[in-house]
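J.: Input run.tsv, format and content: TSV, C-alpha atoms.
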chain	number	residue	atom	x	y	z
A	1	MET	CA	73.58	76.34	119.97
A	2	SER	CA	70.25	76.61	118.21
A	3	SER	CA	70.86	73.43	116.26
A	4	ASP	CA	71.49	71.68	119.58
A	5	THR	CA	68.04	72.60	120.86
A	6	THR	CA	66.34	71.54	117.63
A	7	SER	CA	68.01	68.14	117.61
A	8	ALA	CA	66.99	67.74	121.25
A	9	THR	CA	63.34	68.33	120.32
A	10	ILE	CA	63.37	66.10	117.31
A	11	GLY	CA	65.35	63.40	119.03
A	12	PRO	CA	68.66	61.72	118.35
A	13	VAL	CA	69.27	60.71	114.74
A	14	GLU	CA	71.62	58.15	113.38
A	15	GLY	CA	74.19	58.83	110.70
A	16	ALA	CA	75.71	62.10	109.60
A	17	GLN	CA	74.94	65.22	111.56
A	18	TYR	CA	73.75	68.16	109.52
A	19	ASP	CA	73.53	71.82	110.46
A	20	ALA	CA	72.57	75.14	108.90
A	21	ASP	CA	75.78	75.40	106.85
A	22	ASN	CA	75.77	71.75	105.87
A	23	PRO	CA	72.14	70.70	105.29
A	24	ALA	CA	71.01	67.27	104.19
A	25	PRO	CA	71.25	66.78	100.41
A	26	TYR	CA	68.35	68.18	98.43
A	27	ILE	CA	66.32	65.55	96.61
A	28	GLU	CA	65.50	66.90	93.20
A	29	ALA	CA	61.78	66.68	92.48
A	30	PRO	CA	61.29	64.03	89.79
A	31	ARG	CA	58.98	66.22	87.78
A	32	LYS	CA	61.45	69.08	87.56
A	33	ARG	CA	61.88	70.14	83.94
A	34	THR	CA	65.59	70.29	83.39
A	35	GLY	CA	67.58	70.69	80.19
A	36	LYS	CA	67.74	66.90	79.95
A	37	THR	CA	63.97	66.45	80.10
A	38	PRO	CA	62.85	65.01	76.77
A	39	ARG	CA	60.78	67.27	74.60
A	40	ALA	CA	57.03	66.70	74.78
A	41	THR	CA	55.89	64.20	72.19
A	42	ARG	CA	53.30	65.21	69.66
A	43	GLY	CA	51.35	62.26	68.41
A	44	ASN	CA	48.17	60.37	68.87
A	45	PHE	CA	49.64	57.06	70.01
A	46	GLU	CA	48.44	57.38	73.60
A	47	MET	CA	44.96	58.35	72.44
A	48	ALA	CA	44.86	55.42	70.01
A	49	ALA	CA	46.01	53.07	72.75
A	50	TRP	CA	43.38	54.42	75.13
A	51	LEU	CA	40.62	54.05	72.53
A	52	PHE	CA	41.82	50.58	71.53
A	53	MET	CA	41.53	49.41	75.15
A	54	ARG	CA	37.88	50.50	75.30
A	55	LEU	CA	36.84	49.16	71.91
A	56	SER	CA	38.73	45.86	72.09
A	57	GLY	CA	37.38	45.37	75.59
A	58	VAL	CA	33.80	45.53	74.34
A	59	VAL	CA	34.50	43.09	71.50
A	60	LEU	CA	36.41	40.75	73.82
A	61	VAL	CA	33.48	40.48	76.21
A	62	VAL	CA	31.47	38.86	73.40
A	63	LEU	CA	34.34	36.78	72.01
A	64	VAL	CA	35.64	35.44	75.32
A	65	LEU	CA	32.27	34.77	76.91
A	66	GLY	CA	31.14	32.98	73.72
A	67	HIS	CA	34.38	31.01	73.69
A	68	LEU	CA	33.97	29.97	77.34
A	69	LEU	CA	30.34	29.05	76.78
A	70	ILE	CA	31.13	26.79	73.82
A	71	GLN	CA	34.23	25.24	75.36
A	72	LEU	CA	33.04	24.64	78.90
A	73	PHE	CA	29.25	24.52	79.10
A	74	LEU	CA	27.37	23.66	75.93
A	75	ASP	CA	27.01	20.16	74.53
A	76	GLY	CA	28.70	18.05	77.20
A	77	GLY	CA	30.88	20.71	78.67
A	78	VAL	CA	34.59	20.44	79.25
A	79	SER	CA	34.70	16.63	78.83
A	80	LYS	CA	34.10	16.86	75.07
A	81	ILE	CA	37.25	18.89	74.40
A	82	GLY	CA	39.83	16.92	72.48
A	83	PHE	CA	41.82	17.01	69.30
A	84	ALA	CA	38.77	16.02	67.27
A	85	PHE	CA	36.65	18.79	68.78
A	86	VAL	CA	39.22	21.48	67.96
A	87	ALA	CA	39.79	20.05	64.49
A	88	GLY	CA	36.06	20.06	63.89
A	89	ARG	CA	35.66	23.68	64.88
A	90	TRP	CA	38.65	24.90	62.89
A	91	ALA	CA	37.25	23.25	59.77
A	92	SER	CA	34.90	26.23	59.59
A	93	PRO	CA	36.36	29.61	58.56
A	94	PHE	CA	33.94	31.30	61.01
A	95	TRP	CA	35.63	29.73	64.05
A	96	GLN	CA	39.06	30.35	62.53
A	97	VAL	CA	38.28	34.06	62.27
A	98	TRP	CA	36.72	34.04	65.76
A	99	ASP	CA	39.80	32.50	67.33
A	100	LEU	CA	42.20	34.63	65.32
A	101	LEU	CA	40.38	37.82	66.33
A	102	MET	CA	40.26	36.70	69.93
A	103	LEU	CA	43.98	35.92	69.92
A	104	TRP	CA	45.02	39.25	68.45
A	105	LEU	CA	42.66	41.42	70.49
A	106	ALA	CA	43.33	39.63	73.78
A	107	MET	CA	47.10	39.72	73.31
A	108	LEU	CA	47.22	43.38	72.28
A	109	HIS	CA	44.72	44.35	74.97
A	110	GLY	CA	46.70	42.56	77.65
A	111	ALA	CA	50.04	43.81	76.38
A	112	ASN	CA	48.82	47.40	76.30
A	113	GLY	CA	47.42	47.03	79.80
A	114	LEU	CA	50.73	45.69	81.06
A	115	ARG	CA	52.52	48.50	79.22
A	116	THR	CA	50.55	51.07	81.24
A	117	VAL	CA	51.17	49.11	84.43
A	118	ILE	CA	54.91	49.17	83.71
A	119	ASN	CA	54.73	52.89	82.91
A	120	ASP	CA	52.91	53.54	86.16
A	121	TYR	CA	54.94	51.34	88.49
A	122	ALA	CA	58.47	50.92	87.15
A	123	GLU	CA	60.35	53.92	88.41
A	124	ARG	CA	63.76	53.59	86.81
A	125	ALA	CA	64.17	54.04	83.06
A	126	ASN	CA	66.27	50.88	82.81
A	127	THR	CA	63.71	48.72	84.62
A	128	ARG	CA	61.07	50.05	82.27
A	129	LEU	CA	63.15	49.31	79.21
A	130	TRP	CA	63.78	45.70	80.21
A	131	LEU	CA	60.25	44.95	81.35
A	132	LYS	CA	58.78	46.41	78.19
A	133	GLY	CA	61.30	44.56	76.05
A	134	LEU	CA	60.30	41.30	77.71
A	135	LEU	CA	56.62	42.16	77.32
A	136	TYR	CA	56.85	43.02	73.63
A	137	THR	CA	58.93	39.92	72.86
A	138	ALA	CA	56.43	37.65	74.61
A	139	THR	CA	53.50	39.35	72.88
A	140	VAL	CA	54.95	39.13	69.39
A	141	PHE	CA	56.02	35.52	69.94
A	142	THR	CA	52.58	34.43	71.17
A	143	ILE	CA	50.68	36.27	68.46
A	144	LEU	CA	52.88	34.90	65.66
A	145	LEU	CA	52.84	31.34	67.01
A	146	GLY	CA	49.07	31.40	67.50
A	147	THR	CA	48.42	32.83	64.06
A	148	LEU	CA	50.71	30.26	62.49
A	149	VAL	CA	48.85	27.42	64.22
A	150	ILE	CA	45.42	28.68	63.20
A	151	PHE	CA	46.38	29.04	59.55
A	152	THR	CA	48.52	25.94	59.13
A	153	PHE	CA	46.43	23.61	61.27
A	154	ASP	CA	46.33	20.15	59.75
A	155	PRO	CA	43.57	17.88	61.12
A	156	ASN	CA	45.24	14.78	59.64
A	157	ILE	CA	48.52	15.25	61.45
A	158	ARG	CA	49.96	12.03	62.92
B	1	MET	CA	13.34	85.26	130.60
B	2	ALA	CA	15.69	82.40	130.15
B	3	THR	CA	14.26	78.92	129.93
B	4	PRO	CA	15.81	76.11	131.97
B	5	VAL	CA	17.04	74.50	128.73
B	6	LEU	CA	19.02	77.57	127.80
B	7	ASP	CA	20.46	77.72	131.29
B	8	LYS	CA	21.68	74.18	130.94
B	9	VAL	CA	23.32	74.88	127.60
B	10	GLU	CA	25.01	77.94	129.03
B	11	ALA	CA	26.26	75.95	131.99
B	12	GLU	CA	27.72	73.35	129.69
B	13	SER	CA	29.47	75.89	127.49
B	14	ALA	CA	30.79	77.57	130.62
B	15	ALA	CA	32.59	74.33	131.39
B	16	SER	CA	35.87	73.96	129.55
B	17	PRO	CA	35.35	72.96	125.92
B	18	TYR	CA	38.97	71.96	125.66
B	19	ILE	CA	40.05	68.41	125.06
B	20	THR	CA	43.49	66.89	124.83
B	21	VAL	CA	44.49	65.98	121.29
B	22	THR	CA	47.62	64.21	120.11
B	23	MET	CA	49.00	65.75	116.95
B	24	ARG	CA	51.38	63.31	115.24
B	25	ILE	CA	53.43	65.37	112.79
B	26	ARG	CA	55.90	64.08	110.23
B	27	ARG	CA	58.93	66.27	110.66
B	28	PHE	CA	61.92	66.78	108.43
B	29	ASN	CA	64.70	69.25	108.97
B	30	PRO	CA	67.60	69.06	106.51
B	31	GLU	CA	69.74	71.03	108.96
B	32	VAL	CA	69.44	68.29	111.57
B	33	SER	CA	69.10	65.03	109.70
B	34	ASP	CA	68.32	63.55	106.32
B	35	ALA	CA	65.75	61.27	107.95
B	36	VAL	CA	62.13	62.05	108.77
B	37	VAL	CA	60.73	61.68	112.27
B	38	TRP	CA	57.17	61.36	113.52
B	39	GLU	CA	56.76	63.64	116.52
B	40	ASP	CA	53.80	63.67	118.92
B	41	PHE	CA	52.46	66.87	120.48
B	42	GLN	CA	49.81	66.83	123.22
B	43	ILE	CA	47.76	70.01	123.12
B	44	GLU	CA	44.60	71.32	124.72
B	45	ILE	CA	42.20	72.48	122.08
B	46	ASP	CA	38.51	73.11	121.46
B	47	PRO	CA	37.36	70.34	119.10
B	48	LYS	CA	35.40	72.95	117.14
B	49	GLU	CA	38.68	74.53	116.09
B	50	ARG	CA	40.58	73.57	112.97
B	51	VAL	CA	43.74	71.57	112.38
B	52	LEU	CA	45.43	74.82	111.40
B	53	ASP	CA	44.64	76.24	114.86
B	54	ALA	CA	46.25	73.17	116.41
B	55	LEU	CA	49.37	73.70	114.26
B	56	HIS	CA	49.43	77.37	115.29
B	57	LYS	CA	49.15	76.36	118.90
B	58	ILE	CA	52.14	74.06	118.53
B	59	LYS	CA	54.20	76.60	116.61
B	60	TRP	CA	53.38	79.52	118.89
B	61	ASP	CA	53.32	77.81	122.28
B	62	VAL	CA	55.20	74.52	122.09
B	63	ASP	CA	57.79	74.25	119.31
B	64	GLY	CA	58.62	77.26	117.17
B	65	THR	CA	60.62	75.17	114.70
B	66	LEU	CA	57.48	73.56	113.26
B	67	THR	CA	57.27	74.79	109.68
B	68	PHE	CA	54.19	74.94	107.46
B	69	ARG	CA	52.62	77.23	104.88
B	70	ARG	CA	49.45	79.19	105.39
B	71	SER	CA	48.35	82.57	104.16
B	72	CYS	CA	44.70	83.48	104.38
B	73	ALA	CA	43.77	80.66	106.76
B	74	HIS	CA	40.22	80.61	105.38
B	75	GLY	CA	40.28	78.16	102.49
B	76	ILE	CA	40.87	80.70	99.71
B	77	CYS	CA	44.62	80.90	99.12
B	78	GLY	CA	45.32	77.16	98.98
B	79	SER	CA	48.63	77.37	100.87
B	80	ASP	CA	47.99	74.83	103.59
B	81	ALA	CA	47.10	71.64	101.76
B	82	MET	CA	48.50	68.74	103.77
B	83	ARG	CA	47.92	65.06	104.35
B	84	ILE	CA	45.77	64.86	107.48
B	85	ASN	CA	44.95	61.35	108.70
B	86	GLY	CA	46.14	60.02	105.37
B	87	LYS	CA	43.89	62.21	103.24
B	88	ASN	CA	44.77	65.43	101.46
B	89	ARG	CA	42.87	68.36	102.96
B	90	LEU	CA	43.24	72.03	103.74
B	91	ALA	CA	44.27	72.39	107.39
B	92	CYS	CA	42.16	75.56	107.59
B	93	LYS	CA	38.97	73.78	106.49
B	94	THR	CA	39.29	70.64	108.62
B	95	LEU	CA	37.69	70.74	112.06
B	96	ILE	CA	39.31	68.71	114.82
B	97	LYS	CA	35.95	67.15	115.79
B	98	ASP	CA	35.46	65.81	112.26
B	99	ILE	CA	38.60	63.68	112.20
B	100	ASN	CA	38.23	61.63	115.40
B	101	PRO	CA	40.33	63.50	117.99
B	102	GLU	CA	40.32	60.44	120.29
B	103	LYS	CA	43.09	58.95	118.18
B	104	PRO	CA	46.33	60.74	117.27
B	105	ILE	CA	45.82	63.04	114.27
B	106	THR	CA	48.57	62.49	111.74
B	107	VAL	CA	49.74	65.47	109.74
B	108	GLU	CA	52.32	65.19	106.96
B	109	ALA	CA	53.39	67.01	103.84
B	110	ILE	CA	51.55	66.29	100.59
B	111	LYS	CA	53.09	63.42	98.64
B	112	GLY	CA	54.91	63.40	95.31
B	113	LEU	CA	56.72	66.71	95.80
B	114	THR	CA	60.10	67.25	97.45
B	115	VAL	CA	59.82	68.09	101.14
B	116	LEU	CA	61.87	71.17	102.01
B	117	LYS	CA	61.12	71.26	105.73
B	118	ASP	CA	58.39	69.68	107.89
B	119	LEU	CA	55.15	70.36	105.97
B	120	VAL	CA	56.63	72.65	103.32
B	121	VAL	CA	57.16	71.10	99.87
B	122	ASP	CA	58.74	72.39	96.68
B	123	MET	CA	55.72	73.42	94.60
B	124	GLU	CA	57.76	74.33	91.53
B	125	PRO	CA	57.07	71.13	89.52
B	126	PHE	CA	53.36	71.57	90.23
B	127	PHE	CA	53.36	75.15	88.96
B	128	GLN	CA	55.53	74.14	86.01
B	129	ALA	CA	52.76	71.81	84.86
B	130	TYR	CA	50.26	74.60	85.46
B	131	ARG	CA	52.24	77.04	83.33
B	132	ASP	CA	52.61	74.42	80.59
B	133	VAL	CA	48.88	74.40	79.83
B	134	MET	CA	48.82	78.19	79.23
B	135	PRO	CA	46.37	79.21	81.96
B	136	PHE	CA	45.49	82.59	80.45
B	137	LEU	CA	43.01	83.93	77.90
B	138	VAL	CA	44.31	83.74	74.33
B	139	THR	CA	42.41	85.61	71.60
B	140	LYS	CA	42.96	86.79	68.06
B	141	GLY	CA	41.90	89.93	66.24
B	142	ASN	CA	41.09	93.37	67.56
B	143	GLU	CA	40.43	93.89	71.19
B	144	PRO	CA	36.82	94.86	71.88
B	145	THR	CA	36.32	98.32	73.35
B	146	ARG	CA	34.24	96.86	76.17
B	147	GLU	CA	34.30	93.54	77.99
B	148	ARG	CA	34.14	90.24	76.09
B	149	LEU	CA	30.54	89.19	76.40
B	150	GLN	CA	29.47	85.63	77.09
B	151	THR	CA	26.08	84.04	77.63
B	152	ALA	CA	25.19	82.58	81.00
B	153	GLU	CA	25.14	79.08	79.45
B	154	ASP	CA	28.63	79.53	78.01
B	155	ARG	CA	29.86	80.63	81.42
B	156	GLU	CA	28.13	77.69	83.09
B	157	ARG	CA	30.03	75.27	80.83
B	158	PHE	CA	33.30	75.72	82.70
B	159	ASP	CA	32.00	77.10	85.99
B	160	ASP	CA	33.13	74.10	88.04
B	161	THR	CA	36.79	74.38	87.05
B	162	THR	CA	37.02	78.12	87.79
B	163	LYS	CA	36.91	77.25	91.49
B	164	CYS	CA	40.45	75.84	91.60
B	165	ILE	CA	42.73	77.49	94.17
B	166	LEU	CA	45.90	75.61	93.13
B	167	CYS	CA	46.42	74.00	96.52
B	168	ALA	CA	47.84	70.80	94.91
B	169	ALA	CA	45.64	68.54	97.05
B	170	CYS	CA	44.43	66.75	93.90
B	171	THR	CA	47.75	66.42	92.09
B	172	SER	CA	49.54	65.16	95.20
B	173	SER	CA	46.80	62.57	95.82
B	174	CYS	CA	47.18	61.09	92.32
B	175	PRO	CA	48.99	57.71	92.29
B	176	VAL	CA	50.14	58.27	88.72
B	177	PHE	CA	51.76	61.56	89.76
B	178	TRP	CA	53.43	59.84	92.73
B	179	ASN	CA	55.31	57.45	90.48
B	180	ASP	CA	57.60	59.38	88.17
B	181	GLY	CA	56.06	62.82	88.51
B	182	GLN	CA	55.94	63.38	84.76
B	183	TYR	CA	52.15	63.29	84.54
B	184	PHE	CA	50.65	66.77	84.19
B	185	GLY	CA	48.43	66.13	87.19
B	186	PRO	CA	44.75	66.88	87.80
B	187	ALA	CA	45.24	70.54	88.75
B	188	ALA	CA	46.91	71.46	85.46
B	189	ILE	CA	44.21	69.63	83.49
B	190	VAL	CA	41.46	71.36	85.49
B	191	ASN	CA	42.96	74.74	84.67
B	192	ALA	CA	43.33	73.79	81.01
B	193	HIS	CA	39.66	72.69	81.05
B	194	ARG	CA	38.72	76.12	82.38
B	195	PHE	CA	40.04	77.74	79.18
B	196	ILE	CA	39.39	74.95	76.67
B	197	PHE	CA	35.65	75.21	77.32
B	198	ASP	CA	35.62	79.03	77.57
B	199	SER	CA	33.75	80.38	74.53
B	200	ARG	CA	35.93	83.54	74.53
B	201	ASP	CA	39.21	81.65	74.33
B	202	GLU	CA	40.79	80.68	71.01
B	203	ALA	CA	43.72	78.48	72.02
B	204	GLY	CA	41.69	75.43	73.04
B	205	GLU	CA	43.19	73.45	70.18
B	206	GLN	CA	46.72	74.22	71.37
B	207	ARG	CA	45.91	73.22	74.95
B	208	LEU	CA	44.30	69.98	73.78
B	209	GLU	CA	47.44	69.23	71.80
B	210	ILE	CA	49.56	69.75	74.93
B	211	LEU	CA	47.32	67.42	76.95
B	212	ASN	CA	47.38	64.80	74.16
B	213	ASP	CA	51.00	64.25	75.16
B	214	LYS	CA	52.12	60.89	76.54
B	215	ASP	CA	52.11	62.42	80.03
B	216	GLY	CA	48.80	64.18	79.42
B	217	VAL	CA	45.22	63.14	80.05
B	218	TRP	CA	45.71	59.58	78.78
B	219	ARG	CA	47.72	58.69	81.89
B	220	CYS	CA	44.62	59.31	84.01
B	221	ARG	CA	43.45	56.00	85.51
B	222	THR	CA	40.12	57.37	86.75
B	223	THR	CA	40.82	56.51	90.39
B	224	PHE	CA	38.84	59.56	91.58
B	225	ASN	CA	41.49	60.38	94.24
B	226	CYS	CA	41.54	63.94	92.90
B	227	THR	CA	37.77	64.41	93.17
B	228	ASP	CA	37.87	63.05	96.72
B	229	ALA	CA	40.74	65.32	97.70
B	230	CYS	CA	39.52	68.60	96.20
B	231	PRO	CA	38.68	71.00	99.05
B	232	ARG	CA	36.60	73.09	96.66
B	233	GLY	CA	34.42	70.19	95.58
B	234	ILE	CA	35.46	70.39	91.93
B	235	GLU	CA	34.56	67.26	89.97
B	236	VAL	CA	38.15	66.88	88.86
B	237	THR	CA	37.91	63.43	87.29
B	238	LYS	CA	34.86	64.53	85.31
B	239	ALA	CA	36.80	67.52	83.99
B	240	ILE	CA	39.63	65.22	82.90
B	241	GLN	CA	37.15	62.93	81.16
B	242	GLU	CA	35.65	65.92	79.36
B	243	VAL	CA	39.07	66.84	78.05
B	244	LYS	CA	39.54	63.25	76.84
B	245	ARG	CA	36.17	63.36	75.10
B	246	ALA	CA	37.04	66.69	73.47
B	247	LEU	CA	40.28	65.17	72.19
B	248	ILE	CA	38.50	62.17	70.69
B	249	THR	CA	35.55	64.05	69.15
B	250	ARG	CA	37.98	66.61	67.72
B	251	ARG	CA	39.73	63.86	65.74
B	252	PHE	CA	36.81	61.80	64.60
Show the structure stored in the file as structure tokens.

T.:
Amino acid sequence: MSSDTTSATIGPVEGAQYDADNPAPYIEAPRKRTGKTPRATRGNFEMAAWLFMRLSGVVLVVLVLGHLLIQLFLDGGVSKIGFAFVAGRWASPFWQVWDLLMLWLAMLHGANGLRTVINDYAERANTRLWLKGLLYTATVFTILLGTLVIFTFDPNIR
Amino acid sequence: MATPVLDKVEAESAASPYITVTMRIRRFNPEVSDAVVWEDFQIEIDPKERVLDALHKIKWDVDGTLTFRRSCAHGICGSDAMRINGKNRLACKTLIKDINPEKPITVEAIKGLTVLKDLVVDMEPFFQAYRDVMPFLVTKGNEPTRERLQTAEDRERFDDTTKCILCAACTSSCPVFWNDGQYFGPAAIVNAHRFIFDSRDEAGEQRLEILNDKDGVWRCRTTFNCTDACPRGIEVTKAIQEVKRALITRRF
């Protein structure tokens, strides 16, 4: 009787009808600490990652802005870029180190940022696993390929 | 001798102060349906009254099945945090006139916690995080015969975070908490901050270690939702940043 009046106030609902003896299923709060909840981790990885983001960000501002300035604005701008221009720059160890540093910092910075985005937005453990797997594979591949190119670059290649 | 101005004011207040307000409430009753319903209530209310008064009016005069928590009703107990017009507030500290009563006022349960009925959520995960940071004084050695003394400056250091009333407005406004709910949440960190920076306490190191966890302070994205939501005006994000700084300076 009482459940009739409540449903009348709330309005008709589709699907299964529930009452006091048969309530709608309880949705377990995600945060609930159950026996299956993994033990808290003790380590400084998250702190190191957080610090790395700040420090690499500061260095990258200089590296990337300098890179853009040289590539796109100074001395003829974008039209001068060609194989000869790159070969000329990489003849100097200074630019090799610059580009290497920029490659590693930018890739790790971006990968770590995406890692936190995945942690924050991917809700299911499996989705997280796959997205992170893809991310780490792409990161390692790009870093290794880029490093290989910088170190084995041959200006006389035909 | 009353002036004409006073007479006019009295005449105006003698007229009905009541206005008609639409309260749009997100209702959920597991004994009726597993779906939520937005329900509108038209009530006559003085705009100088609070949202809690409007809810009382509905519960007492219109629909007794409306369910919500409130205890002291004066902003001290922290029972009635809810999402009013899309923002976490205490219903007992929000005046109707301050939230544009011309439009329907939406009221819903705070997010990120399981809704039990209407505006009542399961607070257990929230308090679990609170308990995890050991929110009590820990000391070593002999107990002093009198109170533990502290200078005014030492007390001032953590004064802001002593104001927390555990209403969960901050934690349930945090987008990181909304996702998987594993993040400790601003409220737990605020209460850890209260003891970490207390000169009388000796377990600061332990608490910092707990918050150095992967779901600890490093998941904070500095979105300031918590500072905006806090009904006590605690600078929550600043407190979290201070814990981060303490963690870093402790190591290096």

J.: Return as an MDAnalysis selection string the residues belonging to chain B that are within 6 Å of chain A, counting all atoms listed in the file.

T.: chainID B and resid 30:34 114 125 181:182 213:214

J.: Find the spatial neighbours of Gly86 (chain B), counting all atoms listed in the file, within a cut-off of 8 Å - ignore same-chain residues fewer than 2 positions away - and output them as a PyMOL selection string.

T.: chain B and resi 83-84+88+106-107

J.: For the atom pair CA of Ser71 (chain B) and CA of Lys163 (chain B), what is the interatomic distance in Å to one decimal place?

T.: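 It comes out at 17.9 Å.
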
J.: Work out how far CA of Cys77 (chain B) is from CA of Arg232 (chain B), in Å to one decimal.

T.: 11.5 Å

J.: Hey, can you check how far CA of Ala35 (chain B) sits from CA of Gly64 (chain B)?

T.: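 Atom-to-atom, CA of Ala35 (chain B) to CA of Gly64 (chain B), that is 19.8 Å.
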
J.: Using all atoms listed in the file for the distances, tell me which of B:Cys226, B:Leu211, B:Leu55, B:Ala152 is nearest to Lys244 (chain B).

T.: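 Closest residue, counting all atoms listed in the file: B:Leu211.
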
J.: Name all residues at most 9 Å from Phe197 (chain B) (count all atoms listed in the file; drop same-chain ones fewer than 5 positions away) and give them as a PyMOL selection string.

T.: chain B and resi 154-155+157-158+192+204

J.: Neighbours of Asp201 (chain B) within 7 Å (only C-alpha atoms; same-chain residues fewer than 5 positions away dropped), as a count of residues only?

T.: 4

J.: Env of region 62-76 of chain A: 9 Å cut, atoms = all atoms listed in the file, seq-sep filter 6 positions within chain, self excluded. Answer as an MDAnalysis selection string.

T.: chainID A and resid 98:99 101:102 106

J.: Using only C-alpha atoms, find the one residue out of B:Leu149, B:Cys170, B:Thr65, B:Gly75 that sits nearest to Asp198 (chain B).

T.: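 Looking only at the distances to Asp198 (chain B), the closest residue turns out to be B:Leu149.
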
J.: Could you name the residues that touch Ile143 (chain A) at 7 Å or less, counting all atoms listed in the file, but leaving out those on the same chain fewer than 4 positions away, as a list in words?

T.: Leu103, Trp104, Met107, Thr139 and Thr147 of chain A

J.: Would you output region 181-193 of chain B from that structure, restricted to N, CA, C and O atoms, as a PDB file, in the first residue's frame?

T.:
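Result went into selection_37.pdb, see below:
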ATOM      1  N   GLY B 181      37.663   6.575  -7.357  1.00  0.00           N
ATOM      2  CA  GLY B 181      37.417   6.630  -5.924  1.00  0.00           C
ATOM      3  C   GLY B 181      38.536   6.088  -5.062  1.00  0.00           C
ATOM      4  O   GLY B 181      38.345   5.840  -3.881  1.00  0.00           O
ATOM      5  N   GLN B 182      39.713   5.883  -5.620  1.00  0.00           N
ATOM      6  CA  GLN B 182      40.825   5.367  -4.820  1.00  0.00           C
ATOM      7  C   GLN B 182      41.657   6.492  -4.203  1.00  0.00           C
ATOM      8  O   GLN B 182      42.370   6.267  -3.235  1.00  0.00           O
ATOM      9  N   TYR B 183      41.564   7.666  -4.794  1.00  0.00           N
ATOM     10  CA  TYR B 183      42.291   8.835  -4.278  1.00  0.00           C
ATOM     11  C   TYR B 183      41.835   9.127  -2.846  1.00  0.00           C
ATOM     12  O   TYR B 183      40.652   9.012  -2.530  1.00  0.00           O
ATOM     13  N   PHE B 184      42.787   9.490  -1.989  1.00  0.00           N
ATOM     14  CA  PHE B 184      42.442   9.776  -0.594  1.00  0.00           C
ATOM     15  C   PHE B 184      41.393  10.883  -0.485  1.00  0.00           C
ATOM     16  O   PHE B 184      40.535  10.853   0.386  1.00  0.00           O
ATOM     17  N   GLY B 185      41.480  11.860  -1.350  1.00  0.00           N
ATOM     18  CA  GLY B 185      40.513  12.955  -1.310  1.00  0.00           C
ATOM     19  C   GLY B 185      40.996  14.095  -0.442  1.00  0.00           C
ATOM     20  O   GLY B 185      41.752  13.904   0.499  1.00  0.00           O
ATOM     21  N   PRO B 186      40.547  15.322  -0.796  1.00  0.00           N
ATOM     22  CA  PRO B 186      41.016  16.519  -0.090  1.00  0.00           C
ATOM     23  C   PRO B 186      40.774  16.483   1.420  1.00  0.00           C
ATOM     24  O   PRO B 186      41.633  16.882   2.198  1.00  0.00           O
ATOM     25  N   ALA B 187      39.615  15.984   1.846  1.00  0.00           N
ATOM     26  CA  ALA B 187      39.282  16.044   3.275  1.00  0.00           C
ATOM     27  C   ALA B 187      40.283  15.256   4.111  1.00  0.00           C
ATOM     28  O   ALA B 187      40.746  15.716   5.156  1.00  0.00           O
ATOM     29  N   ALA B 188      40.648  14.061   3.641  1.00  0.00           N
ATOM     30  CA  ALA B 188      41.604  13.245   4.389  1.00  0.00           C
ATOM     31  C   ALA B 188      42.965  13.945   4.443  1.00  0.00           C
ATOM     32  O   ALA B 188      43.641  13.936   5.486  1.00  0.00           O
ATOM     33  N   ILE B 189      43.358  14.584   3.332  1.00  0.00           N
ATOM     34  CA  ILE B 189      44.661  15.252   3.304  1.00  0.00           C
ATOM     35  C   ILE B 189      44.642  16.475   4.218  1.00  0.00           C
ATOM     36  O   ILE B 189      45.618  16.752   4.926  1.00  0.00           O
ATOM     37  N   VAL B 190      43.515  17.195   4.234  1.00  0.00           N
ATOM     38  CA  VAL B 190      43.384  18.347   5.134  1.00  0.00           C
ATOM     39  C   VAL B 190      43.547  17.906   6.584  1.00  0.00           C
ATOM     40  O   VAL B 190      44.254  18.540   7.375  1.00  0.00           O
ATOM     41  N   ASN B 191      42.926  16.790   6.934  1.00  0.00           N
ATOM     42  CA  ASN B 191      43.013  16.338   8.321  1.00  0.00           C
ATOM     43  C   ASN B 191      44.370  15.748   8.646  1.00  0.00           C
ATOM     44  O   ASN B 191      44.794  15.780   9.804  1.00  0.00           O
ATOM     45  N   ALA B 192      45.074  15.211   7.643  1.00  0.00           N
ATOM     46  CA  ALA B 192      46.461  14.799   7.864  1.00  0.00           C
ATOM     47  C   ALA B 192      47.332  16.037   8.071  1.00  0.00           C
ATOM     48  O   ALA B 192      48.179  16.079   8.973  1.00  0.00           O
ATOM     49  N   HIS B 193      47.102  17.056   7.253  1.00  0.00           N
ATOM     50  CA  HIS B 193      47.833  18.335   7.354  1.00  0.00           C
ATOM     51  C   HIS B 193      47.702  18.912   8.758  1.00  0.00           C
ATOM     52  O   HIS B 193      48.658  19.408   9.337  1.00  0.00           O
TER      53      HIS B 193
END
